[in-house]
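Source file: final.txt (compact mmCIF, C-alpha atoms (C1' of nucleotides))
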```txt
# COMPACT_ATOMS: atom_id res chain seq x y z
CA MET A 1 132.15 82.01 70.93
CA SER A 2 128.79 83.56 71.73
CA MET A 3 127.55 83.68 75.25
CA GLN A 4 125.04 81.12 76.32
CA ARG A 5 121.51 82.02 77.23
CA CYS A 6 121.23 82.81 80.90
CA CYS A 7 119.05 79.85 81.67
CA PRO A 8 116.21 77.72 80.43
CA PRO A 9 113.60 80.45 80.36
CA VAL A 10 111.31 80.41 83.39
CA THR A 11 107.60 80.66 82.80
CA VAL A 12 106.40 83.78 84.52
CA VAL A 13 102.99 83.40 86.15
CA THR A 14 100.33 85.33 84.29
CA ALA A 15 97.62 85.40 86.95
CA ASP A 16 96.51 88.82 88.11
CA PHE A 17 97.50 89.47 91.70
CA GLY A 18 95.85 92.87 91.90
CA GLU A 19 93.17 91.86 94.40
CA ALA A 20 95.58 89.73 96.37
CA ALA A 21 97.97 92.65 96.67
CA ALA A 22 95.16 94.99 97.71
CA LEU A 23 94.12 92.69 100.55
CA LEU A 24 97.67 92.30 101.80
CA LYS A 25 98.25 96.01 101.54
CA ALA A 26 95.24 96.71 103.73
CA ALA A 27 96.81 94.56 106.44
CA ALA A 28 100.40 95.71 105.90
CA ASP A 29 100.52 98.52 108.42
CA PRO A 30 101.64 98.38 112.05
CA TYR A 31 98.55 100.10 113.42
CA ARG A 32 96.16 98.10 111.30
CA LEU A 33 97.85 94.87 112.37
CA THR A 34 97.47 96.03 115.95
CA ILE A 35 93.77 96.61 115.35
CA LEU A 36 93.36 93.20 113.72
CA ALA A 37 95.31 91.51 116.51
CA THR A 38 93.18 93.20 119.14
CA LEU A 39 89.93 92.23 117.47
CA ALA A 40 91.17 88.69 116.92
CA ARG A 41 91.90 88.27 120.62
CA SER A 42 88.84 89.97 121.99
CA THR A 43 85.64 88.09 122.53
CA ASP A 44 83.80 91.40 122.50
CA GLU A 45 83.58 94.11 119.96
CA ALA A 46 85.78 97.15 120.17
CA CYS A 47 84.71 100.69 119.63
CA VAL A 48 86.77 103.42 118.05
CA CYS A 49 87.46 104.98 121.42
CA ASP A 50 89.34 101.85 122.51
CA PHE A 51 91.91 102.48 119.82
CA THR A 52 92.12 106.23 120.08
CA GLY A 53 92.97 105.69 123.71
CA ALA A 54 95.67 103.11 123.15
CA LEU A 55 97.29 104.09 119.86
CA PRO A 56 99.34 107.22 119.27
CA LEU A 57 96.82 108.38 116.72
CA ASN A 58 94.04 110.88 116.92
CA GLN A 59 90.43 110.01 116.21
CA PRO A 60 90.35 110.78 112.48
CA ALA A 61 93.48 108.73 111.92
CA VAL A 62 91.95 105.75 113.70
CA SER A 63 88.78 106.11 111.65
CA HIS A 64 90.92 106.25 108.55
CA HIS A 65 92.65 102.97 109.31
CA LEU A 66 89.38 101.31 110.29
CA LYS A 67 87.88 102.39 106.99
CA ILE A 68 90.73 100.80 105.08
CA LEU A 69 90.19 97.55 106.97
CA ARG A 70 86.45 97.74 106.45
CA ASP A 71 86.75 98.50 102.73
CA ALA A 72 88.99 95.45 102.44
CA GLY A 73 86.37 93.36 104.23
CA LEU A 74 88.71 92.45 107.05
CA VAL A 75 86.51 93.99 109.75
CA THR A 76 82.82 94.69 110.09
CA SER A 77 81.21 97.60 111.84
CA GLU A 78 77.87 98.18 113.45
CA ARG A 79 76.50 101.35 114.89
CA ARG A 80 74.50 101.08 118.10
CA GLY A 81 73.52 104.42 119.46
CA THR A 82 76.37 106.85 119.52
CA TRP A 83 79.03 104.23 119.21
CA VAL A 84 80.31 102.14 116.36
CA TYR A 85 81.50 98.67 117.18
CA TYR A 86 84.08 96.79 115.18
CA ARG A 87 84.61 93.06 114.85
CA LEU A 88 87.07 90.95 112.94
CA ALA A 89 85.37 89.59 109.83
CA ASP A 90 84.70 85.88 110.15
CA ASP A 91 86.73 85.06 107.08
CA ALA A 92 89.54 87.54 107.63
CA ARG A 93 92.16 84.99 108.48
CA GLU A 94 91.00 82.58 105.84
CA ARG A 95 91.06 85.18 103.09
CA LEU A 96 94.55 86.34 103.99
CA THR A 97 95.77 82.78 104.18
CA ARG A 98 94.25 81.94 100.84
CA VAL A 99 95.82 84.97 99.20
CA LEU A 100 99.18 83.95 100.57
CA SER A 101 98.75 80.41 99.28
CA SER A 102 97.70 81.67 95.88
CA ALA A 103 101.12 83.25 95.54
CA ILE A 104 103.21 80.74 97.47
CA PRO A 105 101.39 77.40 97.60
CA GLU A 106 102.14 74.93 100.32
CA LYS A 107 104.72 72.42 99.24
CA ALA A 108 103.45 68.94 98.60
CA PRO A 109 104.44 66.70 101.53
CA ALA A 110 107.62 64.78 100.85
CA MET B 111 70.29 110.08 132.88
CA SER B 112 73.89 109.88 131.80
CA MET B 113 74.89 107.79 128.86
CA GLN B 114 76.46 104.42 129.51
CA ARG B 115 80.04 103.69 128.65
CA CYS B 116 80.35 102.40 125.16
CA CYS B 117 81.48 98.96 126.24
CA PRO B 118 83.63 97.04 128.64
CA PRO B 119 86.94 98.47 127.51
CA VAL B 120 88.82 96.22 125.14
CA THR B 121 92.48 95.59 125.83
CA VAL B 122 94.41 96.82 122.84
CA VAL B 123 97.37 94.65 121.95
CA THR B 124 100.66 96.33 122.76
CA ALA B 125 102.99 94.19 120.67
CA ASP B 126 104.97 95.98 118.01
CA PHE B 127 103.91 94.95 114.54
CA GLY B 128 106.47 97.05 112.74
CA GLU B 129 108.50 94.15 111.39
CA ALA B 130 105.39 92.17 110.60
CA ALA B 131 103.98 95.06 108.62
CA ALA B 132 107.26 95.54 106.77
CA LEU B 133 107.31 91.93 105.63
CA LEU B 134 103.70 92.04 104.46
CA LYS B 135 104.33 95.32 102.70
CA ALA B 136 107.19 93.82 100.76
CA ALA B 137 104.81 91.18 99.43
CA ALA B 138 101.80 93.45 98.97
CA ASP B 139 102.33 94.45 95.37
CA PRO B 140 100.92 92.80 92.25
CA TYR B 141 104.26 92.54 90.46
CA ARG B 142 106.09 91.29 93.52
CA LEU B 143 103.41 88.67 94.12
CA THR B 144 103.83 87.62 90.51
CA ILE B 145 107.56 87.28 91.06
CA LEU B 146 107.05 85.28 94.25
CA ALA B 147 104.45 83.07 92.57
CA THR B 148 106.77 82.43 89.66
CA LEU B 149 109.69 81.51 91.87
CA ALA B 150 107.49 79.34 94.07
CA ARG B 151 106.34 77.32 91.06
CA SER B 152 109.66 77.05 89.31
CA THR B 153 112.08 74.28 90.11
CA ASP B 154 114.85 76.37 88.59
CA GLU B 155 116.09 79.81 89.36
CA ALA B 156 114.93 82.79 87.41
CA CYS B 157 117.06 85.60 86.14
CA VAL B 158 116.06 89.23 85.90
CA CYS B 159 115.60 88.94 82.16
CA ASP B 160 112.77 86.45 82.66
CA PHE B 161 110.76 89.12 84.41
CA THR B 162 111.67 92.04 82.23
CA GLY B 163 110.41 90.00 79.32
CA ALA B 164 107.10 89.04 80.92
CA LEU B 165 106.15 92.02 83.07
CA PRO B 166 105.21 95.47 81.75
CA LEU B 167 108.21 96.94 83.53
CA ASN B 168 111.61 97.95 82.32
CA GLN B 169 114.80 96.53 83.72
CA PRO B 170 115.42 99.08 86.51
CA ALA B 171 111.87 98.68 87.76
CA VAL B 172 112.24 94.90 87.92
CA SER B 173 115.52 95.29 89.77
CA HIS B 174 113.79 97.66 92.15
CA HIS B 175 111.08 95.14 93.02
CA LEU B 176 113.61 92.35 93.35
CA LYS B 177 115.62 94.48 95.73
CA ILE B 178 112.59 95.03 97.93
CA LEU B 179 111.97 91.30 98.03
CA ARG B 180 115.62 90.58 98.71
CA ASP B 181 115.87 93.20 101.46
CA ALA B 182 112.84 91.59 103.08
CA GLY B 183 114.55 88.20 102.87
CA LEU B 184 111.80 86.71 100.73
CA VAL B 185 114.14 85.88 97.85
CA THR B 186 117.82 85.15 97.52
CA SER B 187 120.10 86.09 94.66
CA GLU B 188 123.31 84.71 93.30
CA ARG B 189 125.46 86.09 90.55
CA ARG B 190 127.00 83.62 88.15
CA GLY B 191 128.85 85.28 85.36
CA THR B 192 126.88 88.03 83.79
CA TRP B 193 123.58 86.92 85.19
CA VAL B 194 121.96 87.11 88.56
CA TYR B 195 119.71 84.27 89.54
CA TYR B 196 116.86 84.57 91.99
CA ARG B 197 115.24 81.92 94.15
CA LEU B 198 112.42 81.96 96.63
CA ALA B 199 113.87 81.98 100.13
CA ASP B 200 113.36 78.65 101.85
CA ASP B 201 111.43 80.19 104.70
CA ALA B 202 109.48 82.75 102.70
CA ARG B 203 106.13 81.06 103.07
CA GLU B 204 106.73 80.15 106.67
CA ARG B 205 107.69 83.68 107.65
CA LEU B 206 104.67 85.20 105.97
CA THR B 207 102.40 82.62 107.54
CA ARG B 208 103.88 83.24 110.95
CA VAL B 209 103.45 86.97 110.63
CA LEU B 210 99.85 86.45 109.70
CA SER B 211 99.30 84.18 112.66
CA SER B 212 100.98 86.63 115.00
CA ALA B 213 98.25 89.11 114.16
CA ILE B 214 95.33 86.74 113.67
CA PRO B 215 96.03 83.46 115.44
CA GLU B 216 94.33 80.31 114.39
CA LYS B 217 91.22 79.66 116.41
CA ALA B 218 91.45 76.86 118.89
CA PRO B 219 89.57 73.85 117.53
CA ALA B 220 86.01 73.65 118.87
C1' DG C 221 64.42 122.82 119.90
C1' DA C 222 69.79 123.46 121.87
C1' DA C 223 73.90 121.37 123.84
C1' DC C 224 76.78 117.57 123.84
C1' DT C 225 79.36 113.18 122.40
C1' DA C 226 81.25 109.65 119.18
C1' DT C 227 82.45 108.85 114.68
C1' DA C 228 83.14 110.00 109.72
C1' DT C 229 84.65 112.95 106.18
C1' DT C 230 87.20 116.67 104.03
C1' DG C 231 91.31 119.37 102.78
C1' DA C 232 96.10 120.31 103.21
C1' DC C 233 100.59 118.92 103.73
C1' DA C 234 104.65 115.64 104.40
C1' DA C 235 106.59 111.34 103.50
C1' DA C 236 106.94 107.20 101.08
C1' DT C 237 106.44 104.56 96.69
C1' DC C 238 106.58 103.62 91.80
C1' DT C 239 108.21 104.35 87.27
C1' DC C 240 111.21 105.94 83.94
C1' DG C 241 115.67 107.59 81.63
C1' DA C 242 120.45 107.91 82.27
C1' DT C 243 124.39 106.21 84.24
C1' DT C 244 127.37 102.99 86.56
C1' DC C 245 129.08 98.53 87.79
C1' DA C 246 130.35 93.59 86.98
C1' DG C 247 131.46 90.27 83.91
C1' DT C 248 132.46 88.29 79.17
C1' DA C 249 134.44 88.24 74.57
C1' DT C 250 137.62 89.71 71.20
C1' DA D 251 142.68 97.39 76.53
C1' DT D 252 138.01 98.00 73.99
C1' DA D 253 133.43 96.60 72.96
C1' DC D 254 129.49 94.48 74.55
C1' DT D 255 125.78 92.58 77.81
C1' DG D 256 123.01 92.00 82.14
C1' DA D 257 121.98 94.07 86.34
C1' DA D 258 122.16 97.72 89.92
C1' DT D 259 121.99 102.42 91.19
C1' DC D 260 120.95 107.30 90.75
C1' DG D 261 117.84 111.39 89.94
C1' DA D 262 113.50 113.31 88.66
C1' DG D 263 108.62 113.40 88.29
C1' DA D 264 103.98 111.42 89.29
C1' DT D 265 101.15 108.89 92.33
C1' DT D 266 99.91 107.10 96.64
C1' DT D 267 99.78 106.96 101.65
C1' DG D 268 99.61 108.70 106.37
C1' DT D 269 98.75 112.39 109.52
C1' DC D 270 96.64 116.32 111.37
C1' DA D 271 93.19 120.27 111.92
C1' DA D 272 88.74 121.51 110.82
C1' DT D 273 84.21 120.36 109.73
C1' DA D 274 80.17 117.46 109.11
C1' DT D 275 77.08 113.75 110.48
C1' DA D 276 74.51 110.67 113.61
C1' DG D 277 72.75 110.02 117.89
C1' DT D 278 71.81 111.19 122.81
C1' DT D 279 70.35 114.13 126.71
C1' DC D 280 68.22 118.00 128.53
```
Spit out the file's structure as structure tokens when you get a sec.
Amino acid sequence: MSMQRCCPPVTVVTADFGEAAALLKAAADPYRLTILATLARSTDEACVCDFTGALPLNQPAVSHHLKILRDAGLVTSERRGTWVYYRLADDARERLTRVLSSAIPEKAPA
Amino acid sequence: MSMQRCCPPVTVVTADFGEAAALLKAAADPYRLTILATLARSTDEACVCDFTGALPLNQPAVSHHLKILRDAGLVTSERRGTWVYYRLADDARERLTRVLSSAIPEKAPA
DNA sequence: GAACTATATTGACAAATCTCGATTCAGTAT
DNA sequence: ATACTGAATCGAGATTTGTCAATATAGTTC
């Protein structure tokens, strides 16, 4: 007898998760999560020097991670004088949450 | 006159986001998000062949991505006969949500 | 202007990731 | 046991990512 099919074929989602993955990837780093967590908890802005002091990274490395977060739109930056101040983007949490829900939607309440 | 300090120093979070980053990283890939989205929407299990048929990846590559998801605990697998069936882990969404909130907590209601 | 400071960018290198082809393993069928 | 199928693992090559040292840029102070 021939073997049965493995299963009623599952419909694989065809949506493009490229942007979703890019946003998650920007956040998926221990140092960048630390930066996001710090900004999320601070009422004030933080400057680059705050992070170079506290993280085991030198200044270019911190700038590198901040650039990734800024390119992803998760933080905003503003230069005032010599210093550059970083803030969490207003919609950072919402965008990450939405991306997560686009992949794994909340279950309908029972 | 000497320049002022850049700002009242911000307290950088000291928590370790290593595990949080690892979980996000496991999800932060277009194909893996597609797999998660498919499993989240399917009432049934999916077998590897479902994905090899629908994704532009060959069988070892699909197995590779499934292994990353399984190692992260986002999916579970069960072999029955020749086939291996994958399901979304029950707590997949909750764990990802919690990780997100650990970095960027929900704002207290106004 | 020159000297100095904070940040950004560049280039090089190491480490991790992704993809494929080939092979191996687990299970079924004969 | 042999032949066959689905899935996992291995090994190699290409791409990406993270880090540092060096340099460049923007702004301040003198």
Can you pull out the residues contacting segment 135-141 of chain B? Cut-off 6 Å, using all atoms listed in the file, and skip same-chain residues under 5 positions away; I want them as an mmCIF file with C-alpha atoms, in the coordinates of the input.
```cif
data_model
loop_
_atom_site.group_PDB
_atom_site.id
_atom_site.type_symbol
_atom_site.label_atom_id
_atom_site.label_comp_id
_atom_site.auth_asym_id
_atom_site.auth_seq_id
_atom_site.Cartn_x
_atom_site.Cartn_y
_atom_site.Cartn_z
ATOM 1 C CA PHE A 17 97.500 89.470 91.700
ATOM 2 C CA GLY A 18 95.850 92.870 91.900
ATOM 3 C CA ALA A 21 97.970 92.650 96.670
ATOM 4 C CA LEU A 24 97.670 92.300 101.800
ATOM 5 C CA LYS A 25 98.250 96.010 101.540
ATOM 6 C CA ALA A 28 100.400 95.710 105.900
#
```
Practice problem: Select residues of chain B: the criterion is any atom within 8 Å of an atom of chain A, counting only C-alpha atoms; output as a PyMOL selection string. | Solution: chain B and resi 116-117+119-128+130-135+137-141+143-148+150-152+154-157+160-161+164+193+203+206-207+210+212-216
Practice problem: Tell me, in Å to one decimal, how far atom CA of Gly73 of chain A is from atom C1' of DA274 of chain D. | Solution: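 Distance between the two atoms: 25.4 Å.
Taking atom C1' of DA242 of chain C and atom CA of Arg189 of chain B as the two end points, the separation is 23.9 Å.
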Self-check item: Neighbour residues at most 12 Å from (124.6, 97.7, 87.5) (all atoms listed in the file) as a ChimeraX atom specification
Solution: /B:169-170,173-174,192-194 /C:243-247 /D:255-260
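Here atom CA of Val75 of chain A and atom CA of Asp90 of chain A stand 8.3 Å from one another.
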Moved coordinates, chain A onto chain B, all Cα atoms, as a compact mmCIF listing (two decimals) with C-alpha atoms, in the coordinates of the input:
```
# COMPACT_ATOMS: atom_id res chain seq x y z
CA MET A 1 70.50 110.21 133.01
CA SER A 2 74.09 110.02 131.83
CA MET A 3 75.01 107.92 128.88
CA GLN A 4 76.52 104.56 129.52
CA ARG A 5 80.07 103.74 128.60
CA CYS A 6 80.26 102.39 125.09
CA CYS A 7 81.37 98.96 126.16
CA PRO A 8 83.53 97.04 128.57
CA PRO A 9 86.84 98.48 127.45
CA VAL A 10 88.74 96.18 125.10
CA THR A 11 92.39 95.57 125.80
CA VAL A 12 94.33 96.81 122.83
CA VAL A 13 97.31 94.63 121.94
CA THR A 14 100.58 96.34 122.76
CA ALA A 15 102.94 94.20 120.70
CA ASP A 16 104.93 96.00 118.04
CA PHE A 17 103.89 94.96 114.56
CA GLY A 18 106.47 97.08 112.78
CA GLU A 19 108.49 94.16 111.42
CA ALA A 20 105.39 92.16 110.63
CA ALA A 21 103.98 95.07 108.65
CA ALA A 22 107.27 95.55 106.80
CA LEU A 23 107.32 91.92 105.67
CA LEU A 24 103.72 92.04 104.49
CA LYS A 25 104.32 95.31 102.74
CA ALA A 26 107.20 93.83 100.78
CA ALA A 27 104.83 91.18 99.45
CA ALA A 28 101.82 93.46 98.99
CA ASP A 29 102.34 94.44 95.38
CA PRO A 30 100.93 92.78 92.27
CA TYR A 31 104.26 92.52 90.49
CA ARG A 32 106.11 91.30 93.54
CA LEU A 33 103.43 88.67 94.15
CA THR A 34 103.84 87.62 90.54
CA ILE A 35 107.58 87.28 91.08
CA LEU A 36 107.08 85.28 94.27
CA ALA A 37 104.48 83.06 92.59
CA THR A 38 106.79 82.41 89.67
CA LEU A 39 109.72 81.52 91.88
CA ALA A 40 107.52 79.35 94.07
CA ARG A 41 106.38 77.31 91.08
CA SER A 42 109.69 77.04 89.30
CA THR A 43 112.11 74.29 90.10
CA ASP A 44 114.86 76.40 88.58
CA GLU A 45 116.10 79.82 89.36
CA ALA A 46 114.92 82.80 87.41
CA CYS A 47 117.05 85.59 86.13
CA VAL A 48 116.06 89.22 85.88
CA CYS A 49 115.59 88.93 82.14
CA ASP A 50 112.76 86.43 82.67
CA PHE A 51 110.74 89.10 84.40
CA THR A 52 111.66 92.03 82.22
CA GLY A 53 110.38 89.97 79.33
CA ALA A 54 107.08 89.01 80.91
CA LEU A 55 106.12 91.99 83.05
CA PRO A 56 105.17 95.42 81.75
CA LEU A 57 108.13 96.91 83.55
CA ASN A 58 111.51 97.97 82.33
CA GLN A 59 114.74 96.55 83.70
CA PRO A 60 115.36 99.08 86.49
CA ALA A 61 111.82 98.67 87.75
CA VAL A 62 112.22 94.90 87.91
CA SER A 63 115.51 95.30 89.75
CA HIS A 64 113.78 97.66 92.13
CA HIS A 65 111.08 95.16 93.02
CA LEU A 66 113.60 92.34 93.34
CA LYS A 67 115.63 94.46 95.72
CA ILE A 68 112.61 95.04 97.92
CA LEU A 69 111.98 91.30 98.04
CA ARG A 70 115.63 90.59 98.72
CA ASP A 71 115.89 93.22 101.46
CA ALA A 72 112.86 91.61 103.09
CA GLY A 73 114.57 88.21 102.88
CA LEU A 74 111.83 86.73 100.74
CA VAL A 75 114.15 85.90 97.84
CA THR A 76 117.84 85.17 97.52
CA SER A 77 120.10 86.11 94.67
CA GLU A 78 123.31 84.73 93.30
CA ARG A 79 125.45 86.10 90.55
CA ARG A 80 126.99 83.62 88.14
CA GLY A 81 128.82 85.29 85.34
CA THR A 82 126.84 88.06 83.78
CA TRP A 83 123.55 86.93 85.16
CA VAL A 84 121.95 87.12 88.55
CA TYR A 85 119.70 84.28 89.55
CA TYR A 86 116.85 84.59 91.99
CA ARG A 87 115.24 81.94 94.16
CA LEU A 88 112.43 81.98 96.65
CA ALA A 89 113.90 81.99 100.16
CA ASP A 90 113.38 78.66 101.86
CA ASP A 91 111.47 80.20 104.72
CA ALA A 92 109.50 82.75 102.72
CA ARG A 93 106.17 81.06 103.08
CA GLU A 94 106.77 80.15 106.68
CA ARG A 95 107.73 83.68 107.67
CA LEU A 96 104.70 85.19 105.99
CA THR A 97 102.44 82.61 107.56
CA ARG A 98 103.91 83.21 110.98
CA VAL A 99 103.48 86.96 110.66
CA LEU A 100 99.87 86.45 109.73
CA SER A 101 99.31 84.15 112.70
CA SER A 102 100.98 86.61 115.03
CA ALA A 103 98.24 89.08 114.20
CA ILE A 104 95.33 86.70 113.67
CA PRO A 105 96.04 83.41 115.45
CA GLU A 106 94.35 80.25 114.35
CA LYS A 107 91.23 79.58 116.33
CA ALA A 108 91.44 76.75 118.79
CA PRO A 109 89.57 73.73 117.37
CA ALA A 110 86.03 73.51 118.66
```
Quiz item: Excluding same-chain residues fewer than 3 positions from DA272 of chain D, what lies within 12 Å of it counting all atoms listed in the file, as a VMD selection string?
Solution: (chain A and resid 60) or (chain C and resid 229 to 232)
Would you give me, as a tab-separated table, each residue of chain D having an atom within 9 Å of an atom of chain A, along with its shortest atom pair and that distance in Å to one decimal, using all atoms listed in the file and sorting by chain and residue number?
```
residue	atom	partner	partner_atom	distance
D:DG268	C1'	A:Ala61	CA	8.3
D:DT269	C1'	A:Ala61	CA	6.9
D:DC270	C1'	A:Asn58	CA	8.2
D:DA276	C1'	A:Thr82	CA	7.3
D:DG277	C1'	A:Thr82	CA	5.1
D:DT278	C1'	A:Thr82	CA	7.1
```
Practice problem: For chain C, report every residue with an atom at most 8 Å from chain A (counting only C-alpha atoms (C1' of nucleotides)), formatted as an MDAnalysis selection string. | Solution: chainID C and resid 225:228 248:249
Practice problem: List the neighbours of DG263 of chain D out to 12 Å using all atoms listed in the file; skip same-chain residues closer than 4 positions along the sequence, and give me the result as an MDAnalysis selection string. | Solution: chainID C and resid 238:241
5 Å per side around segment 254-264 of chain D: axis-aligned box centre and edge lengths, as AutoDock Vina command-line options:
```
--center_x 116.7 --center_y 102.7 --center_z 82.9 --size_x 35.5 --size_y 31.4 --size_z 26.6
```
Segment 267-279 of chain D dumped to file, N, CA and C atoms (P, O5', C5', C4', C3', O3' and C1' of nucleotides), as a CSV table (one decimal), in the first residue's frame:
```csv
chain,number,residue,atom,x,y,z
D,267,DT,P,23.2,42.6,8.4
D,267,DT,O5',24.1,42.3,9.6
D,267,DT,C5',24.0,41.1,10.3
D,267,DT,C4',25.0,41.1,11.5
D,267,DT,C3',25.1,42.4,12.2
D,267,DT,O3',24.9,42.1,13.6
D,267,DT,C1',27.2,41.7,11.6
D,268,DG,P,24.9,43.3,14.7
D,268,DG,O5',26.4,43.3,15.2
D,268,DG,C5',26.9,42.1,15.9
D,268,DG,C4',28.3,42.3,16.4
D,268,DG,C3',28.5,43.6,17.2
D,268,DG,O3',29.2,43.3,18.4
D,268,DG,C1',30.0,43.5,15.4
D,269,DT,P,29.5,44.5,19.4
D,269,DT,O5',31.0,44.9,19.2
D,269,DT,C5',32.0,43.9,19.4
D,269,DT,C4',33.3,44.4,18.9
D,269,DT,C3',33.7,45.8,19.4
D,269,DT,O3',34.7,45.7,20.4
D,269,DT,C1',34.2,45.5,17.0
D,270,DC,P,35.2,47.1,21.2
D,270,DC,O5',36.5,47.5,20.3
D,270,DC,C5',37.5,46.6,20.1
D,270,DC,C4',38.4,47.1,19.0
D,270,DC,C3',39.0,48.5,19.3
D,270,DC,O3',40.4,48.4,19.5
D,270,DC,C1',38.1,48.3,17.0
D,271,DA,P,41.2,49.7,19.9
D,271,DA,O5',41.8,50.3,18.6
D,271,DA,C5',42.5,49.5,17.7
D,271,DA,C4',43.0,50.3,16.5
D,271,DA,C3',43.5,51.7,16.8
D,271,DA,O3',44.6,51.9,15.9
D,271,DA,C1',41.6,51.9,15.4
D,272,DA,P,45.3,53.4,16.0
D,272,DA,O5',44.7,54.2,14.8
D,272,DA,C5',44.7,53.6,13.5
D,272,DA,C4',44.0,54.5,12.5
D,272,DA,C3',44.4,56.0,12.6
D,272,DA,O3',44.7,56.5,11.4
D,272,DA,C1',42.0,55.7,12.7
D,273,DT,P,45.1,58.0,11.2
D,273,DT,O5',43.8,58.7,10.7
D,273,DT,C5',43.1,58.1,9.5
D,273,DT,C4',41.8,58.8,9.3
D,273,DT,C3',41.9,60.3,9.3
D,273,DT,O3',41.4,60.8,8.0
D,273,DT,C1',40.1,59.6,10.7
D,274,DA,P,41.3,62.3,7.6
D,274,DA,O5',39.8,62.7,7.9
D,274,DA,C5',38.8,61.8,7.2
D,274,DA,C4',37.4,62.3,7.6
D,274,DA,C3',37.2,63.8,7.4
D,274,DA,O3',35.9,64.0,6.8
D,274,DA,C1',36.6,63.1,9.6
D,275,DT,P,35.5,65.5,6.4
D,275,DT,O5',34.4,66.0,7.4
D,275,DT,C5',33.3,65.1,7.6
D,275,DT,C4',32.5,65.6,8.8
D,275,DT,C3',32.2,67.1,8.8
D,275,DT,O3',30.8,67.3,8.9
D,275,DT,C1',33.0,66.3,10.9
D,276,DA,P,30.2,68.8,8.8
D,276,DA,O5',29.8,69.1,10.3
D,276,DA,C5',29.0,68.2,11.0
D,276,DA,C4',28.8,68.7,12.4
D,276,DA,C3',28.6,70.3,12.5
D,276,DA,O3',27.5,70.5,13.4
D,276,DA,C1',30.4,69.6,13.8
D,277,DG,P,27.0,72.0,13.5
D,277,DG,O5',27.6,72.5,14.9
D,277,DG,C5',27.4,71.8,16.1
D,277,DG,C4',28.4,72.2,17.1
D,277,DG,C3',28.5,73.7,17.4
D,277,DG,O3',28.0,74.1,18.7
D,277,DG,C1',30.6,72.7,17.3
D,278,DT,P,28.0,75.6,19.2
D,278,DT,O5',29.2,75.6,20.2
D,278,DT,C5',29.3,74.7,21.3
D,278,DT,C4',30.6,74.7,21.9
D,278,DT,C3',31.0,76.1,22.5
D,278,DT,O3',31.1,76.0,23.9
D,278,DT,C1',32.8,75.2,21.2
D,279,DT,P,31.3,77.4,24.7
D,279,DT,O5',32.8,77.6,24.8
D,279,DT,C5',33.6,76.5,25.3
D,279,DT,C4',35.1,76.9,25.2
D,279,DT,C3',35.4,78.3,25.7
D,279,DT,O3',36.5,78.3,26.6
D,279,DT,C1',36.3,78.0,23.6
```
